[in-house]
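Listing of final.txt; format and content: compact mmCIF, C-alpha atoms and all ligand atoms.
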```txt
# COMPACT_ATOMS: atom_id res chain seq x y z
CA MET Z 1 14.62 17.97 28.40
CA LEU Z 2 12.49 21.03 29.23
CA ASN Z 3 11.70 22.02 32.81
CA THR Z 4 8.66 24.03 31.85
CA ALA Z 5 5.93 22.93 29.53
CA LEU Z 6 5.37 24.58 26.16
CA ASN Z 7 2.52 27.05 26.41
CA LEU Z 8 -0.75 26.12 24.69
CA ASN Z 9 -1.43 29.81 23.92
CA ASP Z 10 1.61 29.85 21.64
CA TYR Z 11 -0.10 27.28 19.44
CA THR Z 12 -3.35 29.13 18.83
CA GLN Z 13 -1.91 31.55 16.25
CA LEU Z 14 -0.18 28.98 14.06
CA SER Z 15 -1.18 28.84 10.40
CA SER Z 16 -2.94 25.81 9.01
CA SER Z 17 0.10 24.77 6.97
CA ASP Z 18 2.42 25.11 10.00
CA LEU Z 19 0.08 22.99 12.10
CA ASP Z 20 -0.04 20.26 9.47
CA ARG Z 21 3.71 20.29 8.92
CA ARG Z 22 4.64 20.29 12.60
CA ILE Z 23 2.15 17.53 13.50
CA SER Z 24 3.57 15.35 10.70
CA GLU Z 25 7.13 16.06 11.86
CA ALA Z 26 6.28 15.30 15.49
CA LYS Z 27 4.63 12.03 14.52
CA ALA Z 28 7.71 11.04 12.50
CA ILE Z 29 9.99 11.77 15.47
CA LEU Z 30 7.86 9.77 17.91
CA GLY Z 31 7.45 6.90 15.45
CA SER Z 32 6.13 3.62 16.82
CA LYS Z 33 6.25 4.90 20.42
CA LEU Z 34 3.10 6.87 19.58
CA LEU Z 35 -0.42 5.80 18.64
CA ILE Z 36 -3.10 8.33 17.76
CA LEU Z 37 -6.66 7.03 17.98
CA GLY Z 38 -9.53 9.06 16.53
CA HIS Z 39 -13.29 8.78 16.93
CA HIS Z 40 -15.49 9.24 13.84
CA TYR Z 41 -16.93 12.53 15.20
CA ILE Z 42 -13.55 14.29 15.26
CA LYS Z 43 -13.17 16.96 12.60
CA ASP Z 44 -11.37 16.19 9.33
CA GLU Z 45 -8.37 18.41 9.89
CA VAL Z 46 -7.52 16.44 13.06
CA ILE Z 47 -8.69 12.93 12.21
CA LYS Z 48 -6.40 12.78 9.21
CA PHE Z 49 -3.54 12.39 11.72
CA ALA Z 50 -5.10 9.40 13.49
CA ASP Z 51 -3.40 6.04 12.99
CA PHE Z 52 -6.78 4.37 13.44
CA THR Z 53 -10.34 5.58 13.53
CA GLY Z 54 -13.43 3.80 14.79
CA ASP Z 55 -16.43 3.63 17.07
CA SER Z 56 -16.05 3.28 20.83
CA PHE Z 57 -15.86 -0.50 20.62
CA ARG Z 58 -13.15 -0.66 17.97
CA LEU Z 59 -11.12 2.08 19.67
CA SER Z 60 -11.30 0.16 22.98
CA GLN Z 61 -10.09 -2.99 21.25
CA LEU Z 62 -7.25 -1.08 19.58
CA ALA Z 63 -6.18 0.46 22.89
CA ALA Z 64 -6.27 -2.95 24.60
CA GLU Z 65 -4.09 -4.48 21.87
CA SER Z 66 -1.66 -1.57 21.55
CA GLN Z 67 1.97 -1.80 22.62
CA ALA Z 68 2.61 1.92 22.02
CA ARG Z 69 4.34 3.79 24.84
CA TYR Z 70 2.10 6.84 24.30
CA ILE Z 71 -1.50 6.97 23.14
CA ILE Z 72 -3.10 10.27 22.23
CA PHE Z 73 -6.86 9.89 22.18
CA CYS Z 74 -8.65 12.23 19.80
CA GLY Z 75 -12.10 11.69 21.23
CA VAL Z 76 -13.89 12.51 24.47
CA TYR Z 77 -12.75 11.94 28.03
CA PHE Z 78 -14.51 8.66 28.80
CA MET Z 79 -12.85 7.14 25.73
CA ALA Z 80 -9.39 8.16 26.92
CA GLU Z 81 -10.17 6.88 30.43
CA THR Z 82 -11.23 3.55 28.91
CA ALA Z 83 -7.96 3.40 26.98
CA ASP Z 84 -6.01 4.04 30.18
CA ILE Z 85 -7.88 1.26 31.99
CA LEU Z 86 -7.20 -1.18 29.16
CA THR Z 87 -3.50 -0.39 28.72
CA GLY Z 88 -0.50 -1.33 30.87
CA ASP Z 89 1.10 0.74 33.65
CA GLU Z 90 4.08 1.54 31.41
CA GLN Z 91 1.79 3.12 28.78
CA THR Z 92 0.56 6.71 28.96
CA VAL Z 93 -2.75 7.98 27.59
CA MET Z 94 -3.31 11.64 26.78
CA ILE Z 95 -6.18 13.72 25.43
CA PRO Z 96 -5.59 17.01 23.58
CA ASP Z 97 -8.27 18.81 25.65
CA GLN Z 98 -9.18 17.58 29.10
CA GLN Z 99 -12.44 19.54 28.97
CA ALA Z 100 -13.74 17.34 26.16
CA GLY Z 101 -16.31 15.46 28.22
CA CYS Z 102 -19.61 13.89 27.21
CA VAL Z 103 -22.89 15.56 28.12
CA MET Z 104 -24.64 12.21 28.43
CA ALA Z 105 -21.89 10.64 30.56
CA ASP Z 106 -22.28 13.57 32.97
CA MET Z 107 -25.95 12.65 33.49
CA ALA Z 108 -25.03 9.78 35.82
CA ASN Z 109 -22.65 9.98 38.76
CA ILE Z 110 -21.63 7.29 41.19
CA TRP Z 111 -23.57 8.66 44.18
CA ASP Z 112 -26.84 8.89 42.27
CA VAL Z 113 -26.36 5.43 40.81
CA TYR Z 114 -25.71 4.01 44.31
CA GLU Z 115 -28.92 5.61 45.52
CA CYS Z 116 -30.88 4.12 42.63
CA TRP Z 117 -29.23 0.73 43.17
CA GLU Z 118 -30.12 0.70 46.88
CA GLU Z 119 -33.71 1.62 46.13
CA LEU Z 120 -34.06 -1.06 43.45
CA GLN Z 121 -32.63 -3.70 45.78
CA LYS Z 122 -35.71 -3.21 47.96
CA TYR Z 123 -37.93 -4.42 45.12
CA TYR Z 124 -35.64 -6.88 43.35
CA PRO Z 125 -32.99 -8.02 45.82
CA GLY Z 126 -30.14 -9.83 44.07
CA GLU Z 127 -32.05 -9.85 40.78
CA ILE Z 128 -30.39 -6.94 38.98
CA ILE Z 129 -27.15 -6.67 37.02
CA PRO Z 130 -25.81 -3.20 36.15
CA VAL Z 131 -24.87 -2.48 32.54
CA SER Z 132 -23.19 0.82 31.78
CA TYR Z 133 -22.92 2.31 28.33
CA ILE Z 134 -19.24 3.07 27.74
CA ASN Z 135 -20.22 6.77 27.77
CA SER Z 136 -19.76 6.92 31.54
CA SER Z 137 -17.13 7.72 34.15
CA ALA Z 138 -14.53 5.19 35.26
CA GLU Z 139 -16.29 5.05 38.68
CA LEU Z 140 -19.46 3.79 37.06
CA LYS Z 141 -17.52 1.21 35.09
CA ALA Z 142 -15.95 0.07 38.37
CA PHE Z 143 -19.43 -0.11 39.94
CA CYS Z 144 -20.46 -2.53 37.19
CA GLY Z 145 -17.30 -4.60 37.62
CA LYS Z 146 -17.90 -4.87 41.39
CA ASN Z 147 -21.55 -5.82 41.03
CA GLY Z 148 -21.31 -8.59 38.45
CA GLY Z 149 -22.07 -6.26 35.55
CA LEU Z 150 -20.41 -5.09 32.40
CA ILE Z 151 -19.95 -2.26 29.90
CA CYS Z 152 -21.39 -2.02 26.43
CA THR Z 153 -21.06 0.22 23.43
CA SER Z 154 -23.71 0.89 20.83
CA SER Z 155 -22.29 -2.02 18.82
CA SER Z 156 -22.27 -4.51 21.69
CA ALA Z 157 -25.36 -3.52 23.71
CA ASP Z 158 -27.47 -6.42 22.38
CA LYS Z 159 -24.82 -8.95 23.40
CA ALA Z 160 -24.42 -7.32 26.82
CA LEU Z 161 -28.15 -7.43 27.56
CA SER Z 162 -28.42 -11.00 26.27
CA TRP Z 163 -25.57 -11.95 28.62
CA VAL Z 164 -27.59 -10.64 31.56
CA PHE Z 165 -30.87 -12.24 30.47
CA ALA Z 166 -29.10 -15.59 30.03
CA GLN Z 167 -28.44 -15.43 33.79
CA GLY Z 168 -32.15 -14.90 34.43
CA LYS Z 169 -31.52 -11.36 35.78
CA ARG Z 170 -32.90 -7.88 35.22
CA VAL Z 171 -30.79 -5.02 33.82
CA LEU Z 172 -30.17 -1.60 35.31
CA PHE Z 173 -29.00 0.29 32.21
CA PHE Z 174 -27.30 3.69 32.44
CA PRO Z 175 -26.83 6.43 31.41
CA ASP Z 176 -28.58 6.33 28.00
CA GLU Z 177 -32.31 5.61 28.20
CA HIS Z 178 -32.61 5.48 24.40
CA LEU Z 179 -29.84 3.02 23.63
CA GLY Z 180 -31.23 0.84 26.43
CA ARG Z 181 -34.78 0.95 25.06
CA ASN Z 182 -33.68 0.45 21.44
CA THR Z 183 -31.59 -2.55 22.42
CA GLY Z 184 -34.41 -4.04 24.50
CA VAL Z 185 -36.84 -3.64 21.59
CA LYS Z 186 -34.28 -5.21 19.22
CA LEU Z 187 -34.11 -8.21 21.56
CA GLY Z 188 -37.91 -8.51 21.63
CA ILE Z 189 -38.50 -7.12 25.13
CA PRO Z 190 -41.92 -5.38 25.23
CA VAL Z 191 -41.69 -1.68 26.14
CA LYS Z 192 -44.17 -2.36 28.99
CA ASN Z 193 -41.42 -4.47 30.57
CA MET Z 194 -39.05 -1.52 30.73
CA ALA Z 195 -39.15 0.83 33.70
CA VAL Z 196 -37.59 4.30 33.77
CA TRP Z 197 -35.58 5.72 36.66
CA ASP Z 198 -35.80 9.50 36.66
CA ARG Z 199 -32.37 10.74 37.73
CA THR Z 200 -33.71 14.22 38.52
CA ILE Z 201 -36.30 13.14 41.08
CA LYS Z 202 -34.50 9.91 41.99
CA ALA Z 203 -37.48 7.64 41.57
CA LEU Z 204 -39.00 5.13 39.20
CA VAL Z 205 -41.39 7.06 36.97
CA LYS Z 206 -42.51 4.61 34.33
CA ASN Z 207 -42.91 1.51 36.36
CA SER Z 208 -43.73 -1.97 35.21
CA ASP Z 209 -45.03 -5.05 37.04
CA ASN Z 210 -42.15 -7.07 35.78
CA PRO Z 211 -39.35 -4.83 34.49
CA GLN Z 212 -36.65 -6.65 32.61
CA ILE Z 213 -34.79 -3.42 31.99
CA ILE Z 214 -34.68 -0.36 34.23
CA LEU Z 215 -33.57 2.60 32.13
CA TRP Z 216 -31.71 5.58 33.57
CA ASN Z 217 -33.15 8.64 31.85
CA GLY Z 218 -29.95 10.15 30.42
CA PHE Z 219 -29.71 11.18 26.77
CA CYS Z 220 -27.48 12.63 24.10
CA PRO Z 221 -28.60 16.11 22.98
CA VAL Z 222 -26.93 15.62 19.61
CA HIS Z 223 -29.08 12.59 18.82
CA LEU Z 224 -32.31 13.77 20.43
CA ARG Z 225 -32.19 16.68 18.03
CA PHE Z 226 -33.55 14.39 15.30
CA SER Z 227 -37.30 13.95 15.08
CA THR Z 228 -39.81 11.84 13.18
CA GLU Z 229 -40.78 15.07 11.35
CA ASN Z 230 -37.22 15.20 9.98
CA ILE Z 231 -37.70 11.72 8.55
CA GLN Z 232 -41.02 12.72 7.03
CA ALA Z 233 -39.52 15.86 5.50
CA VAL Z 234 -36.57 14.10 3.79
CA LYS Z 235 -38.83 11.29 2.60
CA ASN Z 236 -41.24 13.83 1.10
CA LYS Z 237 -38.37 15.47 -0.75
CA TYR Z 238 -36.56 12.26 -1.80
CA PRO Z 239 -39.04 9.35 -1.76
CA ASP Z 240 -36.31 6.73 -2.39
CA ILE Z 241 -33.99 7.98 0.36
CA LYS Z 242 -32.85 5.55 3.07
CA ILE Z 243 -32.63 6.67 6.68
CA ILE Z 244 -29.84 5.48 8.94
CA VAL Z 245 -29.53 6.63 12.56
CA HIS Z 246 -27.45 6.05 15.66
CA PRO Z 247 -29.24 4.08 18.44
CA GLU Z 248 -28.87 7.04 20.82
CA CYS Z 249 -31.86 8.45 18.87
CA SER Z 250 -35.34 7.88 20.25
CA ASN Z 251 -37.14 4.59 19.62
CA GLU Z 252 -39.83 6.35 17.52
CA LEU Z 253 -37.05 7.42 15.17
CA VAL Z 254 -35.22 4.10 15.14
CA LYS Z 255 -38.50 2.33 14.31
CA LEU Z 256 -39.04 4.57 11.27
CA ALA Z 257 -35.43 4.38 10.07
CA ASP Z 258 -34.22 1.79 7.57
CA ALA Z 259 -31.19 0.97 9.68
CA SER Z 260 -29.54 1.92 12.95
CA GLY Z 261 -26.18 1.18 14.47
CA SER Z 262 -22.89 2.47 15.83
CA THR Z 263 -20.79 5.03 14.00
CA GLU Z 264 -18.63 2.23 12.56
CA TYR Z 265 -21.76 0.43 11.35
CA ILE Z 266 -23.12 3.61 9.74
CA ALA Z 267 -19.78 4.14 7.95
CA LYS Z 268 -19.79 0.53 6.72
CA VAL Z 269 -23.38 0.68 5.42
CA ILE Z 270 -22.69 3.86 3.44
CA ASP Z 271 -19.38 2.42 2.19
CA GLU Z 272 -21.09 -0.67 0.87
CA ALA Z 273 -24.19 1.06 -0.52
CA PRO Z 274 -24.53 1.13 -4.31
CA ALA Z 275 -23.50 4.20 -6.28
CA GLY Z 276 -26.44 6.54 -6.80
CA SER Z 277 -28.16 5.53 -3.54
CA ARG Z 278 -29.48 8.28 -1.27
CA TRP Z 279 -28.96 8.40 2.49
CA ALA Z 280 -30.10 10.70 5.28
CA VAL Z 281 -27.91 10.14 8.32
CA GLY Z 282 -28.97 10.82 11.91
CA THR Z 283 -25.72 11.28 13.77
CA GLU Z 284 -23.06 13.90 14.50
CA ILE Z 285 -22.44 16.37 11.69
CA ASN Z 286 -18.65 16.04 11.30
CA MET Z 287 -19.11 12.39 10.50
CA VAL Z 288 -22.01 12.97 8.11
CA LYS Z 289 -20.06 15.64 6.21
CA ARG Z 290 -17.08 13.29 5.92
CA LEU Z 291 -19.25 10.45 4.63
CA ALA Z 292 -20.74 12.79 2.01
CA GLU Z 293 -17.25 13.88 0.99
CA GLN Z 294 -15.87 10.33 0.81
CA HIS Z 295 -18.83 9.03 -1.21
CA ARG Z 296 -19.46 11.54 -3.94
CA ASP Z 297 -21.01 8.81 -6.09
CA LYS Z 298 -23.83 8.62 -3.48
CA PHE Z 299 -26.15 11.25 -2.07
CA VAL Z 300 -25.48 11.59 1.67
CA ILE Z 301 -27.15 14.32 3.76
CA PRO Z 302 -27.76 14.99 7.45
CA LEU Z 303 -31.22 14.02 8.66
CA THR Z 304 -31.94 17.63 9.59
CA ALA Z 305 -30.76 20.82 7.94
CA SER Z 306 -29.70 22.11 11.36
CA PRO Z 307 -27.90 19.23 13.09
CA ARG Z 308 -26.22 19.80 16.43
CA PRO Z 309 -22.46 19.16 16.60
CA CYS Z 310 -20.96 17.38 19.59
CA ILE Z 311 -19.40 20.42 21.24
CA ASN Z 312 -16.94 18.23 23.11
CA MET Z 313 -15.59 16.38 20.09
CA PHE Z 314 -15.15 19.85 18.56
CA LYS Z 315 -12.68 20.76 21.31
CA ILE Z 316 -10.07 18.44 19.83
CA GLU Z 317 -8.09 20.70 17.53
CA ARG Z 318 -4.81 20.58 15.67
CA ASN Z 319 -3.28 23.15 18.01
CA ASN Z 320 -3.94 21.17 21.21
CA LEU Z 321 -2.84 17.95 19.48
CA LEU Z 322 0.42 19.57 18.35
CA TRP Z 323 0.96 21.03 21.81
CA CYS Z 324 0.71 17.52 23.34
CA LEU Z 325 3.04 16.09 20.70
CA GLU Z 326 5.76 18.72 20.97
CA ASN Z 327 5.70 18.57 24.76
CA LEU Z 328 6.08 14.82 24.52
CA ILE Z 329 9.15 15.21 22.31
CA GLU Z 330 10.57 17.51 25.01
CA GLY Z 331 9.89 14.84 27.64
CA LYS Z 332 6.85 16.54 29.12
CA ILE Z 333 3.54 14.71 29.44
CA GLU Z 334 0.57 17.05 29.06
CA ASN Z 335 -3.09 16.18 29.65
CA GLU Z 336 -2.43 12.68 30.89
CA VAL Z 337 -5.60 10.69 31.59
CA LYS Z 338 -4.99 8.46 34.60
CA VAL Z 339 -7.56 6.40 36.44
CA SER Z 340 -6.67 5.44 40.02
CA PRO Z 341 -5.54 1.78 40.33
CA GLU Z 342 -8.44 0.79 42.64
CA ILE Z 343 -11.07 2.12 40.23
CA ALA Z 344 -9.22 0.85 37.18
CA PHE Z 345 -9.08 -2.68 38.64
CA ASP Z 346 -12.88 -3.06 38.93
CA ALA Z 347 -13.58 -1.07 35.76
CA LYS Z 348 -11.29 -3.40 33.80
CA ILE Z 349 -13.32 -6.40 34.96
CA ALA Z 350 -16.44 -4.82 33.43
CA LEU Z 351 -14.62 -3.80 30.23
CA ASP Z 352 -13.00 -7.20 29.80
CA ARG Z 353 -16.43 -8.79 30.08
CA MET Z 354 -17.56 -6.57 27.20
CA LEU Z 355 -14.51 -7.34 25.08
CA SER Z 356 -14.89 -11.07 25.56
CA LEU Z 357 -18.58 -11.22 24.57
CA LYS Z 358 -19.07 -13.48 21.56
P1 LIG D 1 -20.09 4.91 18.81
O1 LIG D 1 -19.58 3.87 19.74
O2 LIG D 1 -21.19 4.42 17.92
O3 LIG D 1 -18.97 5.51 18.02
O4 LIG D 1 -20.79 6.06 19.63
C1 LIG D 1 -20.12 6.90 20.50
C2 LIG D 1 -20.88 8.10 20.79
O5 LIG D 1 -20.58 8.84 21.69
C3 LIG D 1 -22.05 8.39 19.98
O6 LIG D 1 -22.61 9.59 20.39
FE1 LIG D 2 -21.59 12.20 24.28
FE2 LIG D 2 -23.53 12.72 22.52
FE3 LIG D 2 -21.08 13.73 22.15
FE4 LIG D 2 -21.53 11.10 21.84
S1 LIG D 2 -22.36 12.78 20.61
S2 LIG D 2 -19.82 12.05 22.91
S3 LIG D 2 -23.04 10.76 23.47
S4 LIG D 2 -22.51 14.20 23.85
```

Translate the structure described by the file into structure tokens.
Ligand code: 13P
Ligand code: SF4
Amino acid sequence: MLNTALNLNDYTQLSSSDLDRRISEAKAILGSKLLILGHHYIKDEVIKFADFTGDSFRLSQLAAESQARYIIFCGVYFMAETADILTGDEQTVMIPDQQAGCVMADMANIWDVYECWEELQKYYPGEIIPVSYINSSAELKAFCGKNGGLICTSSSADKALSWVFAQGKRVLFFPDEHLGRNTGVKLGIPVKNMAVWDRTIKALVKNSDNPQIILWNGFCPVHLRFSTENIQAVKNKYPDIKIIVHPECSNELVKLADASGSTEYIAKVIDEAPAGSRWAVGTEINMVKRLAEQHRDKFVIPLTASPRPCINMFKIERNNLLWCLENLIEGKIENEVKVSPEIAFDAKIALDRMLSLK
């Protein structure tokens, strides 16, 4: 066993073939003790080493069901935190780069959400249930667990909101304004019944006499890059093209698109589409490129010629993955993601509510 950790800098100069070979060897040594989970936005050269890939919902389910001693999460930080919350004390979750955060998740912190919550209680005492998109810190998940709320992903947001409405309550939805609005619209809630809480001035800006959803005005810069003009431009060029977007895009865009859904849903739709069909995809570029590559019998392009990558997903590289793996073989845990037991307890309540939604 090593006393000092292997140095990450020593991994940055390795050749592509050495990285591939050593990652494969390390995986073989660790065998069933190790599970590598990979989100769809992770680049090809890394995701090929994942045992499973998926959207945030599927990856949460896989983590919750896993018996592996070690889980390396090739995704962003909130995903690894979620995996830690959903796994047992004897399991260890790691992330190849601890700086791989989520710009949207950083748009809501626990203190600001408390402030908003207190303010809203003045108008609607006891009438609101908090729903956090999974793209949020463990503290915010715990806040939901403690206040009768739950977590959702882009593939379970409609069920989560329906669960709240069935109790005759209003929703405080954070941090993604757009997923919240798109889900409300999908459920038939009029936009005039959605208020917006501006996190920068800490006040309700778009109010409503009877808000059923109060939307926190966070957003994903990757998905707000897409515009209705992009849709018009691809439709002008390819009149028969179908548009599919992620529900983190604006409602104007979702309304114009032929379909919208989570990354797993997008992958499934393209998978099942007939040969020769044309698709413009409004989501992260690594995933769109992979779909185009995997479906050469179809025409798959990004919705804009200059899509924005998720800079955080990009931080997960073969060298930091290999560094984690080889340290692990030497008995050294690097980049562990550990949520404190008090926070994890309440956060798990909110996550379990999501996972048990029918
Ligand atoms: P999915 O759950 O659809 O994979 O989305 C995660 C995400 O961060 C999209 O930006
Ligand atoms: Fe966060 Fe957007 Fe990246 Fe998804 S694509 S992880 S929401 S910054």

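Across Z:Ser154, Z:Asn319, Z:Ser262, Z:Asn327, the tightest approach to Leu30 (chain Z) is made by Z:Asn327 when counting all atoms listed in the file.
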
So which residues touch region 123-130 of chain Z within 6 Å, counting all atoms listed in the file, skipping near sequence neighbours fewer than 5 positions away, as a ChimeraX atom specification? /Z:144,149,169-172

Could you tell me, counting only C-alpha atoms and all ligand atoms, which protein and nucleic acid residues lie no more than 6 Å from ligand LIG 1 (chain D), written as a PDB file with C-alpha atoms, in the coordinates of the input?
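Okay, selection.pdb is ready:
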```pdb
ATOM      1  CA  ASP Z  55     -16.430   3.630  17.070  1.00  0.00           C
ATOM      2  CA  SER Z  56     -16.050   3.280  20.830  1.00  0.00           C
ATOM      3  CA  PHE Z  57     -15.860  -0.500  20.620  1.00  0.00           C
ATOM      4  CA  THR Z 153     -21.060   0.220  23.430  1.00  0.00           C
ATOM      5  CA  SER Z 154     -23.710   0.890  20.830  1.00  0.00           C
ATOM      6  CA  SER Z 262     -22.890   2.470  15.830  1.00  0.00           C
ATOM      7  CA  THR Z 263     -20.790   5.030  14.000  1.00  0.00           C
TER       8      THR Z 263
END
```

Enumerate residues in contact with ligand LIG 2 (chain D): an atom-to-atom distance of at most 6 Å, counting only C-alpha atoms and all ligand atoms. Format the result as a VMD selection string. chain Z and resid 102 to 104 220 222 310

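Checking Z:Lys27, Z:Leu6, Z:Phe49, Z:Tyr70 one by one against Glu317 (chain Z), counting only C-alpha atoms, you find the shortest gap at Z:Phe49.
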
Proximity to Ile244 (chain Z) - best of Z:Gly168, Z:Gly188, Z:Pro302, Z:Gly75, only C-alpha atoms: Z:Pro302

Of the listed residues Z:Asp346, Z:Asp112, Z:Glu264, Z:Asp158, that which approaches Met287 (chain Z) most closely, counting all atoms listed in the file: Z:Glu264

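For the pair CA of Ile23 (chain Z) and CA of Trp323 (chain Z), the separation is 9.1 Å.
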
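Ranking Z:Pro341, Z:Pro211, Z:Pro175, Z:Gly331 by their shortest atom-to-atom distance to Ala108 (chain Z), with all atoms listed in the file included, puts Z:Pro175 first.
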
Would you mind putting back N, CA, C and O atoms on region 76-87 of chain Z, then writing it out as an mmCIF file, keeping the file's coordinate frame?
```
data_model
loop_
_atom_site.group_PDB
_atom_site.id
_atom_site.type_symbol
_atom_site.label_atom_id
_atom_site.label_comp_id
_atom_site.auth_asym_id
_atom_site.auth_seq_id
_atom_site.Cartn_x
_atom_site.Cartn_y
_atom_site.Cartn_z
ATOM 1 N N VAL Z 76 -13.484 11.854 23.216
ATOM 2 C CA VAL Z 76 -13.890 12.510 24.470
ATOM 3 C C VAL Z 76 -13.331 11.754 25.679
ATOM 4 O O VAL Z 76 -12.796 10.651 25.542
ATOM 5 N N TYR Z 77 -13.492 12.374 26.851
ATOM 6 C CA TYR Z 77 -12.750 11.940 28.030
ATOM 7 C C TYR Z 77 -12.988 10.483 28.414
ATOM 8 O O TYR Z 77 -12.051 9.759 28.739
ATOM 9 N N PHE Z 78 -14.273 10.041 28.367
ATOM 10 C CA PHE Z 78 -14.510 8.660 28.800
ATOM 11 C C PHE Z 78 -13.788 7.660 27.905
ATOM 12 O O PHE Z 78 -13.432 6.563 28.333
ATOM 13 N N MET Z 79 -13.554 8.031 26.652
ATOM 14 C CA MET Z 79 -12.850 7.140 25.730
ATOM 15 C C MET Z 79 -11.377 7.031 26.132
ATOM 16 O O MET Z 79 -10.787 5.943 26.102
ATOM 17 N N ALA Z 80 -10.795 8.168 26.496
ATOM 18 C CA ALA Z 80 -9.390 8.160 26.920
ATOM 19 C C ALA Z 80 -9.243 7.424 28.255
ATOM 20 O O ALA Z 80 -8.290 6.660 28.449
ATOM 21 N N GLU Z 81 -10.206 7.609 29.150
ATOM 22 C CA GLU Z 81 -10.170 6.880 30.430
ATOM 23 C C GLU Z 81 -10.215 5.373 30.175
ATOM 24 O O GLU Z 81 -9.488 4.595 30.790
ATOM 25 N N THR Z 82 -11.104 4.975 29.254
ATOM 26 C CA THR Z 82 -11.230 3.550 28.910
ATOM 27 C C THR Z 82 -9.897 3.027 28.385
ATOM 28 O O THR Z 82 -9.450 1.931 28.761
ATOM 29 N N ALA Z 83 -9.260 3.823 27.523
ATOM 30 C CA ALA Z 83 -7.960 3.400 26.980
ATOM 31 C C ALA Z 83 -6.948 3.249 28.107
ATOM 32 O O ALA Z 83 -6.169 2.287 28.127
ATOM 33 N N ASP Z 84 -6.970 4.156 29.065
ATOM 34 C CA ASP Z 84 -6.010 4.040 30.180
ATOM 35 C C ASP Z 84 -6.266 2.763 30.985
ATOM 36 O O ASP Z 84 -5.331 2.064 31.370
ATOM 37 N N ILE Z 85 -7.538 2.459 31.212
ATOM 38 C CA ILE Z 85 -7.880 1.260 31.990
ATOM 39 C C ILE Z 85 -7.409 -0.003 31.260
ATOM 40 O O ILE Z 85 -6.959 -0.969 31.877
ATOM 41 N N LEU Z 86 -7.501 0.026 29.939
ATOM 42 C CA LEU Z 86 -7.200 -1.180 29.160
ATOM 43 C C LEU Z 86 -5.730 -1.323 28.771
ATOM 44 O O LEU Z 86 -5.340 -2.326 28.189
ATOM 45 N N THR Z 87 -4.920 -0.313 29.085
ATOM 46 C CA THR Z 87 -3.500 -0.390 28.720
ATOM 47 C C THR Z 87 -2.655 -0.652 29.980
ATOM 48 O O THR Z 87 -3.146 -0.524 31.107
#
```
